[in-house]
$ cat query_28.cif   # mmCIF, N, CA and C atoms
data_upload
#
loop_
_atom_site.label_atom_id
_atom_site.label_comp_id
_atom_site.auth_asym_id
_atom_site.auth_seq_id
_atom_site.Cartn_x
_atom_site.Cartn_y
_atom_site.Cartn_z
N MET A 1 36.60 -55.52 25.45
CA MET A 1 36.61 -54.43 24.51
C MET A 1 36.65 -53.11 25.27
N LYS A 2 37.58 -52.25 24.91
CA LYS A 2 37.71 -50.96 25.56
C LYS A 2 36.81 -49.94 24.86
N ALA A 3 36.26 -49.06 25.67
CA ALA A 3 35.45 -47.98 25.12
C ALA A 3 36.37 -46.92 24.52
N HIS A 4 35.98 -46.39 23.40
CA HIS A 4 36.73 -45.30 22.79
C HIS A 4 35.99 -44.01 23.09
N ILE A 5 36.69 -43.12 23.74
CA ILE A 5 36.09 -41.84 24.09
C ILE A 5 36.43 -40.85 22.99
N TYR A 6 35.38 -40.30 22.39
CA TYR A 6 35.55 -39.31 21.34
C TYR A 6 35.86 -37.97 21.96
N LYS A 7 36.87 -37.32 21.45
CA LYS A 7 37.23 -36.00 21.94
C LYS A 7 37.20 -35.02 20.77
N ASP A 8 36.44 -33.96 20.93
CA ASP A 8 36.39 -32.93 19.90
C ASP A 8 37.77 -32.31 19.73
N PRO A 9 38.09 -31.89 18.51
CA PRO A 9 39.37 -31.20 18.32
C PRO A 9 39.33 -29.85 19.03
N ALA A 10 40.46 -29.44 19.54
CA ALA A 10 40.55 -28.14 20.21
C ALA A 10 40.69 -27.06 19.14
N VAL A 11 39.58 -26.39 18.85
CA VAL A 11 39.53 -25.37 17.81
C VAL A 11 38.66 -24.22 18.30
N VAL A 12 39.05 -23.01 17.96
CA VAL A 12 38.25 -21.82 18.24
C VAL A 12 37.95 -21.18 16.89
N LEU A 13 36.65 -21.07 16.56
CA LEU A 13 36.23 -20.42 15.33
C LEU A 13 35.82 -18.99 15.65
N LEU A 14 36.31 -18.05 14.86
CA LEU A 14 35.99 -16.63 15.05
C LEU A 14 35.23 -16.11 13.85
N TRP A 15 34.26 -15.27 14.11
CA TRP A 15 33.50 -14.62 13.05
C TRP A 15 33.51 -13.11 13.28
N ASN A 16 33.81 -12.37 12.23
CA ASN A 16 33.68 -10.91 12.26
C ASN A 16 34.53 -10.29 13.38
N TYR A 17 35.73 -10.79 13.53
CA TYR A 17 36.66 -10.28 14.55
C TYR A 17 38.06 -10.34 13.96
N SER A 18 38.58 -9.19 13.57
CA SER A 18 39.85 -9.16 12.84
C SER A 18 41.06 -9.14 13.77
N GLN A 19 42.20 -9.41 13.18
CA GLN A 19 43.46 -9.42 13.93
C GLN A 19 43.81 -8.05 14.47
N SER A 20 43.25 -7.00 13.88
CA SER A 20 43.57 -5.63 14.32
C SER A 20 42.72 -5.18 15.51
N GLN A 21 41.71 -5.98 15.87
CA GLN A 21 40.85 -5.59 16.99
C GLN A 21 41.53 -5.86 18.34
N PRO A 22 41.24 -4.98 19.32
CA PRO A 22 41.80 -5.21 20.65
C PRO A 22 41.32 -6.56 21.18
N GLY A 23 42.20 -7.28 21.76
CA GLY A 23 41.82 -8.58 22.31
C GLY A 23 42.19 -9.76 21.43
N TYR A 24 42.55 -9.51 20.17
CA TYR A 24 42.90 -10.63 19.31
C TYR A 24 44.14 -11.35 19.86
N GLY A 25 45.09 -10.58 20.36
CA GLY A 25 46.29 -11.19 20.96
C GLY A 25 45.94 -12.05 22.17
N THR A 26 44.95 -11.63 22.94
CA THR A 26 44.48 -12.42 24.07
C THR A 26 43.92 -13.75 23.59
N LEU A 27 43.13 -13.71 22.51
CA LEU A 27 42.58 -14.94 21.95
C LEU A 27 43.69 -15.87 21.46
N GLN A 28 44.70 -15.30 20.83
CA GLN A 28 45.84 -16.12 20.40
C GLN A 28 46.53 -16.77 21.60
N ALA A 29 46.72 -16.01 22.66
CA ALA A 29 47.38 -16.54 23.86
C ALA A 29 46.54 -17.65 24.50
N ILE A 30 45.23 -17.45 24.55
CA ILE A 30 44.33 -18.48 25.09
C ILE A 30 44.47 -19.76 24.28
N CYS A 31 44.47 -19.64 22.97
CA CYS A 31 44.57 -20.83 22.11
C CYS A 31 45.91 -21.53 22.29
N ARG A 32 46.98 -20.74 22.37
CA ARG A 32 48.30 -21.36 22.60
C ARG A 32 48.31 -22.10 23.93
N ARG A 33 47.77 -21.48 24.97
CA ARG A 33 47.76 -22.07 26.31
C ARG A 33 47.01 -23.40 26.33
N HIS A 34 45.94 -23.48 25.55
CA HIS A 34 45.10 -24.68 25.54
C HIS A 34 45.32 -25.57 24.32
N LYS A 35 46.41 -25.26 23.59
CA LYS A 35 46.78 -26.04 22.40
C LYS A 35 45.60 -26.18 21.42
N ALA A 36 44.95 -25.05 21.18
CA ALA A 36 43.80 -25.02 20.28
C ALA A 36 44.15 -24.21 19.03
N ALA A 37 43.61 -24.63 17.92
CA ALA A 37 43.77 -23.87 16.68
C ALA A 37 42.80 -22.69 16.71
N LEU A 38 43.24 -21.55 16.23
CA LEU A 38 42.39 -20.36 16.11
C LEU A 38 42.13 -20.15 14.63
N ARG A 39 40.86 -20.19 14.23
CA ARG A 39 40.50 -20.11 12.82
C ARG A 39 39.44 -19.05 12.62
N THR A 40 39.71 -18.10 11.74
CA THR A 40 38.74 -17.08 11.40
C THR A 40 37.90 -17.58 10.23
N VAL A 41 36.59 -17.51 10.38
CA VAL A 41 35.67 -17.94 9.34
C VAL A 41 35.41 -16.75 8.43
N SER A 42 35.62 -16.95 7.13
CA SER A 42 35.40 -15.88 6.16
C SER A 42 33.94 -15.89 5.70
N PRO A 43 33.47 -14.78 5.15
CA PRO A 43 32.10 -14.74 4.62
C PRO A 43 31.85 -15.82 3.56
N GLU A 44 32.87 -16.19 2.81
CA GLU A 44 32.73 -17.21 1.77
C GLU A 44 32.52 -18.61 2.35
N GLU A 45 32.80 -18.78 3.64
CA GLU A 45 32.69 -20.10 4.27
C GLU A 45 31.41 -20.27 5.10
N THR A 46 30.54 -19.30 5.11
CA THR A 46 29.37 -19.36 5.98
C THR A 46 28.37 -20.45 5.59
N GLY A 47 28.45 -20.96 4.38
CA GLY A 47 27.59 -22.06 3.96
C GLY A 47 28.10 -23.42 4.38
N GLU A 48 29.34 -23.48 4.85
CA GLU A 48 29.96 -24.74 5.30
C GLU A 48 29.35 -25.18 6.63
N THR A 49 29.38 -26.46 6.89
CA THR A 49 28.91 -26.94 8.20
C THR A 49 29.95 -26.60 9.26
N VAL A 50 29.47 -26.53 10.48
CA VAL A 50 30.37 -26.30 11.62
C VAL A 50 31.40 -27.43 11.66
N ALA A 51 30.96 -28.66 11.42
CA ALA A 51 31.88 -29.81 11.44
C ALA A 51 33.01 -29.63 10.42
N ALA A 52 32.68 -29.15 9.24
CA ALA A 52 33.71 -28.94 8.22
C ALA A 52 34.70 -27.86 8.66
N LEU A 53 34.19 -26.80 9.23
CA LEU A 53 35.07 -25.71 9.69
C LEU A 53 35.96 -26.15 10.86
N LEU A 54 35.48 -27.13 11.63
CA LEU A 54 36.29 -27.68 12.73
C LEU A 54 37.28 -28.73 12.24
N GLY A 55 37.19 -29.09 10.97
CA GLY A 55 38.10 -30.10 10.42
C GLY A 55 37.62 -31.52 10.62
N LEU A 56 36.35 -31.71 10.96
CA LEU A 56 35.81 -33.04 11.20
C LEU A 56 35.31 -33.71 9.93
N GLU A 57 35.11 -32.94 8.88
CA GLU A 57 34.69 -33.46 7.58
C GLU A 57 35.25 -32.53 6.51
N PRO A 58 35.28 -32.98 5.26
CA PRO A 58 35.82 -32.13 4.21
C PRO A 58 34.96 -30.88 3.96
N LEU A 59 35.62 -29.80 3.59
CA LEU A 59 34.89 -28.61 3.18
C LEU A 59 34.18 -28.92 1.87
N ARG A 60 32.96 -28.43 1.72
CA ARG A 60 32.18 -28.71 0.52
C ARG A 60 32.31 -27.60 -0.51
N ARG A 61 32.92 -26.50 -0.14
CA ARG A 61 33.06 -25.35 -1.04
C ARG A 61 31.69 -24.93 -1.57
N CYS A 62 30.73 -24.84 -0.67
CA CYS A 62 29.35 -24.56 -1.07
C CYS A 62 29.04 -23.07 -1.11
N GLY A 63 29.99 -22.25 -0.77
CA GLY A 63 29.80 -20.82 -0.91
C GLY A 63 29.24 -20.13 0.32
N ALA A 64 28.96 -18.86 0.11
CA ALA A 64 28.53 -18.01 1.20
C ALA A 64 27.03 -18.01 1.36
N SER A 65 26.62 -17.75 2.58
CA SER A 65 25.22 -17.47 2.89
C SER A 65 25.18 -16.03 3.39
N ALA A 66 24.09 -15.35 3.12
CA ALA A 66 23.97 -13.97 3.57
C ALA A 66 23.93 -13.93 5.10
N VAL A 67 24.90 -13.23 5.69
CA VAL A 67 25.00 -13.16 7.15
C VAL A 67 25.29 -11.72 7.56
N GLN A 68 24.52 -11.23 8.48
CA GLN A 68 24.73 -9.91 9.06
C GLN A 68 24.78 -10.06 10.58
N ALA A 69 25.75 -10.78 11.08
CA ALA A 69 25.83 -11.05 12.52
C ALA A 69 27.00 -10.30 13.14
N PRO A 70 26.86 -9.94 14.41
CA PRO A 70 28.01 -9.34 15.12
C PRO A 70 29.10 -10.39 15.34
N SER A 71 30.16 -9.98 15.97
CA SER A 71 31.27 -10.88 16.25
C SER A 71 30.79 -12.10 17.02
N ALA A 72 31.37 -13.26 16.69
CA ALA A 72 30.99 -14.52 17.33
C ALA A 72 32.22 -15.39 17.53
N ILE A 73 32.13 -16.26 18.50
CA ILE A 73 33.20 -17.21 18.78
C ILE A 73 32.57 -18.56 19.14
N LEU A 74 33.15 -19.62 18.59
CA LEU A 74 32.68 -20.98 18.87
C LEU A 74 33.86 -21.79 19.38
N PHE A 75 33.68 -22.43 20.51
CA PHE A 75 34.73 -23.23 21.13
C PHE A 75 34.45 -24.71 20.90
N SER A 76 35.47 -25.44 20.55
CA SER A 76 35.36 -26.90 20.40
C SER A 76 36.50 -27.55 21.17
N GLY A 77 36.17 -28.59 21.92
CA GLY A 77 37.19 -29.35 22.64
C GLY A 77 37.78 -28.65 23.84
N LEU A 78 37.16 -27.59 24.29
CA LEU A 78 37.69 -26.81 25.42
C LEU A 78 36.69 -26.74 26.58
N ASP A 79 35.73 -27.64 26.59
CA ASP A 79 34.64 -27.60 27.57
C ASP A 79 35.13 -27.50 29.02
N ARG A 80 36.18 -28.25 29.35
CA ARG A 80 36.67 -28.26 30.74
C ARG A 80 37.28 -26.93 31.15
N HIS A 81 37.68 -26.14 30.16
CA HIS A 81 38.39 -24.88 30.46
C HIS A 81 37.55 -23.65 30.15
N ILE A 82 36.29 -23.84 29.74
CA ILE A 82 35.52 -22.73 29.20
C ILE A 82 35.34 -21.58 30.19
N GLN A 83 35.10 -21.86 31.45
CA GLN A 83 34.90 -20.76 32.40
C GLN A 83 36.16 -19.93 32.56
N ALA A 84 37.31 -20.58 32.65
CA ALA A 84 38.58 -19.85 32.76
C ALA A 84 38.84 -19.03 31.50
N ILE A 85 38.50 -19.58 30.35
CA ILE A 85 38.69 -18.86 29.08
C ILE A 85 37.79 -17.63 29.04
N LEU A 86 36.52 -17.79 29.40
CA LEU A 86 35.59 -16.66 29.40
C LEU A 86 36.01 -15.59 30.40
N ASP A 87 36.50 -16.02 31.57
CA ASP A 87 36.99 -15.06 32.57
C ASP A 87 38.17 -14.27 32.03
N THR A 88 39.10 -14.95 31.35
CA THR A 88 40.26 -14.29 30.76
C THR A 88 39.83 -13.29 29.70
N MET A 89 38.89 -13.70 28.86
CA MET A 89 38.38 -12.80 27.82
C MET A 89 37.75 -11.56 28.44
N GLN A 90 36.94 -11.75 29.47
CA GLN A 90 36.26 -10.62 30.09
C GLN A 90 37.26 -9.67 30.75
N SER A 91 38.23 -10.22 31.49
CA SER A 91 39.20 -9.36 32.16
C SER A 91 40.10 -8.62 31.18
N ALA A 92 40.29 -9.18 29.98
CA ALA A 92 41.11 -8.51 28.96
C ALA A 92 40.27 -7.58 28.08
N GLY A 93 38.97 -7.54 28.31
CA GLY A 93 38.12 -6.64 27.54
C GLY A 93 37.81 -7.12 26.13
N VAL A 94 37.88 -8.43 25.90
CA VAL A 94 37.56 -8.98 24.58
C VAL A 94 36.04 -8.95 24.43
N ASP A 95 35.56 -8.15 23.48
CA ASP A 95 34.13 -7.95 23.31
C ASP A 95 33.61 -8.75 22.11
N ILE A 96 33.11 -9.93 22.38
CA ILE A 96 32.50 -10.79 21.36
C ILE A 96 31.13 -11.19 21.92
N PRO A 97 30.06 -10.60 21.39
CA PRO A 97 28.75 -10.83 21.99
C PRO A 97 28.17 -12.24 21.83
N LEU A 98 28.48 -12.90 20.72
CA LEU A 98 27.91 -14.23 20.49
C LEU A 98 28.95 -15.29 20.79
N LYS A 99 28.61 -16.18 21.72
CA LYS A 99 29.54 -17.24 22.15
C LYS A 99 28.80 -18.57 22.19
N ALA A 100 29.50 -19.64 21.81
CA ALA A 100 28.87 -20.97 21.84
C ALA A 100 29.93 -22.05 21.96
N LEU A 101 29.47 -23.21 22.38
CA LEU A 101 30.28 -24.43 22.36
C LEU A 101 29.80 -25.29 21.20
N ALA A 102 30.72 -26.00 20.57
CA ALA A 102 30.33 -26.96 19.53
C ALA A 102 29.62 -28.12 20.21
N THR A 103 28.52 -28.54 19.63
CA THR A 103 27.74 -29.66 20.16
C THR A 103 27.48 -30.66 19.03
N PRO A 104 27.08 -31.88 19.38
CA PRO A 104 26.73 -32.83 18.32
C PRO A 104 25.63 -32.29 17.40
N THR A 105 24.72 -31.52 17.94
CA THR A 105 23.64 -30.96 17.12
C THR A 105 24.13 -29.86 16.20
N ASN A 106 24.84 -28.86 16.75
CA ASN A 106 25.20 -27.73 15.89
C ASN A 106 26.35 -28.03 14.92
N ARG A 107 27.03 -29.14 15.09
CA ARG A 107 28.07 -29.52 14.12
C ARG A 107 27.48 -29.74 12.73
N GLY A 108 26.22 -30.16 12.66
CA GLY A 108 25.59 -30.41 11.38
C GLY A 108 24.97 -29.18 10.73
N TRP A 109 24.95 -28.07 11.43
CA TRP A 109 24.38 -26.84 10.90
C TRP A 109 25.38 -26.11 10.03
N SER A 110 24.89 -25.31 9.10
CA SER A 110 25.79 -24.41 8.39
C SER A 110 26.24 -23.35 9.40
N PHE A 111 27.38 -22.75 9.13
CA PHE A 111 27.86 -21.71 10.05
C PHE A 111 26.88 -20.54 10.06
N ALA A 112 26.27 -20.24 8.91
CA ALA A 112 25.28 -19.16 8.85
C ALA A 112 24.09 -19.47 9.74
N ALA A 113 23.62 -20.72 9.74
CA ALA A 113 22.50 -21.10 10.60
C ALA A 113 22.87 -20.98 12.07
N LEU A 114 24.10 -21.37 12.41
CA LEU A 114 24.56 -21.23 13.79
C LEU A 114 24.56 -19.76 14.21
N LEU A 115 25.09 -18.88 13.35
CA LEU A 115 25.11 -17.46 13.67
C LEU A 115 23.70 -16.91 13.85
N ALA A 116 22.78 -17.32 12.99
CA ALA A 116 21.39 -16.86 13.10
C ALA A 116 20.78 -17.30 14.43
N GLU A 117 21.03 -18.54 14.82
CA GLU A 117 20.50 -19.05 16.08
C GLU A 117 21.12 -18.31 17.27
N LEU A 118 22.44 -18.10 17.24
CA LEU A 118 23.10 -17.39 18.33
C LEU A 118 22.59 -15.96 18.45
N GLU A 119 22.40 -15.30 17.31
CA GLU A 119 21.91 -13.93 17.35
C GLU A 119 20.48 -13.88 17.90
N SER A 120 19.66 -14.83 17.50
CA SER A 120 18.28 -14.90 18.00
C SER A 120 18.27 -15.10 19.52
N GLU A 121 19.08 -16.03 20.00
CA GLU A 121 19.17 -16.29 21.44
C GLU A 121 19.69 -15.06 22.19
N HIS A 122 20.68 -14.39 21.60
CA HIS A 122 21.27 -13.22 22.22
C HIS A 122 20.23 -12.10 22.36
N LYS A 123 19.46 -11.87 21.30
CA LYS A 123 18.42 -10.84 21.35
C LYS A 123 17.34 -11.18 22.37
N ALA A 124 16.98 -12.45 22.46
CA ALA A 124 15.98 -12.88 23.44
C ALA A 124 16.49 -12.66 24.86
N MET A 125 17.74 -12.97 25.11
CA MET A 125 18.32 -12.77 26.45
C MET A 125 18.40 -11.28 26.79
N GLN A 126 18.76 -10.44 25.81
CA GLN A 126 18.81 -9.00 26.05
C GLN A 126 17.42 -8.46 26.38
N ALA A 127 16.42 -8.90 25.64
CA ALA A 127 15.05 -8.44 25.89
C ALA A 127 14.58 -8.85 27.28
N GLU A 128 14.95 -10.05 27.68
CA GLU A 128 14.57 -10.54 29.01
C GLU A 128 15.23 -9.70 30.10
N ARG A 129 16.51 -9.38 29.90
CA ARG A 129 17.22 -8.54 30.88
C ARG A 129 16.59 -7.16 30.99
N GLU A 130 16.24 -6.58 29.83
CA GLU A 130 15.66 -5.24 29.82
C GLU A 130 14.27 -5.23 30.45
N ALA A 131 13.55 -6.34 30.37
CA ALA A 131 12.20 -6.42 30.92
C ALA A 131 12.19 -6.58 32.44
N GLN A 132 13.32 -6.99 32.99
CA GLN A 132 13.40 -7.17 34.46
C GLN A 132 13.55 -5.81 35.14
N PRO A 133 12.84 -5.62 36.25
CA PRO A 133 12.92 -4.33 36.97
C PRO A 133 14.25 -4.13 37.66
#
$ encode --input "query_28.cif" --output "structure tokens"
Amino acid sequence: MKAHIYKDPAVVLLWNYSQSQPGYGTLQAICRRHKAALRTVSPEETGETVAALLGLEPLRRCGASAVQAPSAILFSGLDRHIQAILDTMQSAGVDIPLKALATPTNRGWSFAALLAELESEHKAMQAEREAQP
């Protein structure tokens, strides 16, 4: 019996980052280069699970959750290329403060819950940096 290796779909989810912002073209080019879908998450979709937004399960059409988060990006299926992608984003000046990889754990979270967790982690990291001499 052969082992079946599960591979996440190559998808990039964007939050609060419009096509008119500088760097959007860079994100499109990155996705084309890595054969990844680029999907913007709308406020109406924040109640959906990360898995549904990645296309791993049907959308439930459960509506929006109240979210006040800065721009965010979630990468799925691009783990081997993530450092090169982040380097490209930085050199092109793409400013997205919240970044994450899709994991087996966060796939089950609502997108709103993921954003809340990312924002909490981001604030904790900023506070730690500011506290260092």
$ select_by_dssp --input "query_28.cif" --residues "chain A" --states "alpha helix (DSSP H)" --output "ChimeraX atom specification"
/A:24-33,50-53,82-91,111-131
$ residues_around --input "query_28.cif" --residues "Asn106 in chain A" --least-positions-apart "6" --cutoff "7 Å" --atoms "all atoms listed in the file" --output "mmCIF file with N, CA and C atoms, in the frame of the given file"
data_model
loop_
_atom_site.group_PDB
_atom_site.id
_atom_site.type_symbol
_atom_site.label_atom_id
_atom_site.label_comp_id
_atom_site.auth_asym_id
_atom_site.auth_seq_id
_atom_site.Cartn_x
_atom_site.Cartn_y
_atom_site.Cartn_z
ATOM 1 N N THR A 49 29.380 -26.460 6.890
ATOM 2 C CA THR A 49 28.910 -26.940 8.200
ATOM 3 C C THR A 49 29.950 -26.600 9.260
ATOM 4 N N VAL A 50 29.470 -26.530 10.480
ATOM 5 C CA VAL A 50 30.370 -26.300 11.620
ATOM 6 C C VAL A 50 31.400 -27.430 11.660
ATOM 7 N N ALA A 51 30.960 -28.660 11.420
ATOM 8 C CA ALA A 51 31.880 -29.810 11.440
ATOM 9 C C ALA A 51 33.010 -29.630 10.420
ATOM 10 N N LEU A 114 24.100 -21.370 12.410
ATOM 11 C CA LEU A 114 24.560 -21.230 13.790
ATOM 12 C C LEU A 114 24.560 -19.760 14.210
#
$ residues_near_point --input "query_28.cif" --point "(29.2, -21.2, 0.3)" --cutoff "8 Å" --atoms "all atoms listed in the file" --output "PyMOL selection string"
chain A and resi 43-48+60-65
$ resolve_selection --input "query_28.cif" --expression "the PyMOL selection byres ((chain A and resi 17-30) around 7)" --output "mmCIF file with N, CA and C atoms, keeping the file's coordinate frame"
data_model
loop_
_atom_site.group_PDB
_atom_site.id
_atom_site.type_symbol
_atom_site.label_atom_id
_atom_site.label_comp_id
_atom_site.auth_asym_id
_atom_site.auth_seq_id
_atom_site.Cartn_x
_atom_site.Cartn_y
_atom_site.Cartn_z
ATOM 1 N N LEU A 14 36.310 -18.050 14.860
ATOM 2 C CA LEU A 14 35.990 -16.630 15.050
ATOM 3 C C LEU A 14 35.230 -16.110 13.850
ATOM 4 N N TRP A 15 34.260 -15.270 14.110
ATOM 5 C CA TRP A 15 33.500 -14.620 13.050
ATOM 6 C C TRP A 15 33.510 -13.110 13.280
ATOM 7 N N ASN A 16 33.810 -12.370 12.230
ATOM 8 C CA ASN A 16 33.680 -10.910 12.260
ATOM 9 C C ASN A 16 34.530 -10.290 13.380
ATOM 10 N N CYS A 31 44.470 -19.640 22.970
ATOM 11 C CA CYS A 31 44.570 -20.830 22.110
ATOM 12 C C CYS A 31 45.910 -21.530 22.290
ATOM 13 N N ARG A 32 46.980 -20.740 22.370
ATOM 14 C CA ARG A 32 48.300 -21.360 22.600
ATOM 15 C C ARG A 32 48.310 -22.100 23.930
ATOM 16 N N ARG A 33 47.770 -21.480 24.970
ATOM 17 C CA ARG A 33 47.760 -22.070 26.310
ATOM 18 C C ARG A 33 47.010 -23.400 26.330
ATOM 19 N N HIS A 34 45.940 -23.480 25.550
ATOM 20 C CA HIS A 34 45.100 -24.680 25.540
ATOM 21 C C HIS A 34 45.320 -25.570 24.320
ATOM 22 N N LYS A 35 46.410 -25.260 23.590
ATOM 23 C CA LYS A 35 46.780 -26.040 22.400
ATOM 24 C C LYS A 35 45.600 -26.180 21.420
ATOM 25 N N ALA A 36 44.950 -25.050 21.180
ATOM 26 C CA ALA A 36 43.800 -25.020 20.280
ATOM 27 C C ALA A 36 44.150 -24.210 19.030
ATOM 28 N N LEU A 38 43.240 -21.550 16.230
ATOM 29 C CA LEU A 38 42.390 -20.360 16.110
ATOM 30 C C LEU A 38 42.130 -20.150 14.630
ATOM 31 N N PRO A 70 26.860 -9.940 14.410
ATOM 32 C CA PRO A 70 28.010 -9.340 15.120
ATOM 33 C C PRO A 70 29.100 -10.390 15.340
ATOM 34 N N SER A 71 30.160 -9.980 15.970
ATOM 35 C CA SER A 71 31.270 -10.880 16.250
ATOM 36 C C SER A 71 30.790 -12.100 17.020
ATOM 37 N N ALA A 72 31.370 -13.260 16.690
ATOM 38 C CA ALA A 72 30.990 -14.520 17.330
ATOM 39 C C ALA A 72 32.220 -15.390 17.530
ATOM 40 N N ILE A 85 38.500 -19.580 30.350
ATOM 41 C CA ILE A 85 38.690 -18.860 29.080
ATOM 42 C C ILE A 85 37.790 -17.630 29.040
ATOM 43 N N ALA A 92 40.290 -9.180 29.980
ATOM 44 C CA ALA A 92 41.110 -8.510 28.960
ATOM 45 C C ALA A 92 40.270 -7.580 28.080
ATOM 46 N N GLY A 93 38.970 -7.540 28.310
ATOM 47 C CA GLY A 93 38.120 -6.640 27.540
ATOM 48 C C GLY A 93 37.810 -7.120 26.130
ATOM 49 N N VAL A 94 37.880 -8.430 25.900
ATOM 50 C CA VAL A 94 37.560 -8.980 24.580
ATOM 51 C C VAL A 94 36.040 -8.950 24.430
ATOM 52 N N ASP A 95 35.560 -8.150 23.480
ATOM 53 C CA ASP A 95 34.130 -7.950 23.310
ATOM 54 C C ASP A 95 33.610 -8.750 22.110
#
$ atom_distance --input "query_28.cif" --atom1 "CA of Ala37 in chain A" --atom2 "CA of Pro9 in chain A"
8.7 Å
$ residues_around --input "query_28.cif" --residues "Gly77 in chain A" --least-positions-apart "6" --cutoff "6 Å" --atoms "only N, CA and C atoms" --output "ChimeraX atom specification"
/A:7-11
$ atom_distance --input "query_28.cif" --atom1 "CA of Ile73 in chain A" --atom2 "CA of Gln90 in chain A"
13.4 Å
$ atom_distance --input "query_28.cif" --atom1 "CA of Pro58 in chain A" --atom2 "CA of Glu121 in chain A"
28.7 Å
$ closest_residue --input "query_28.cif" --among "A:His81, A:Ala131, A:Leu56, A:Lys99" --to "Glu117 in chain A" --atoms "only C-alpha atoms"
A:Lys99
$ closest_residue --input "query_28.cif" --among "A:Met89, A:Ala52, A:Ala69, A:Ala84" --to "Glu119 in chain A" --atoms "only N, CA and C atoms"
A:Ala69
$ closest_residue --input "query_28.cif" --among "A:Val41, A:Leu59, A:Val67, A:Leu78" --to "Leu101 in chain A" --atoms "only C-alpha atoms"
A:Leu78
$ closest_residue --input "query_28.cif" --among "A:Leu13, A:Asp79, A:Ser110, A:Ser42" --to "Leu98 in chain A" --atoms "only C-alpha atoms"
A:Leu13
$ select_by_dssp --input "query_28.cif" --residues "chain A" --states "strand (DSSP E or B)" --output "ChimeraX atom specification"
/A:11-15,37-41,49,72-76,98-101,110
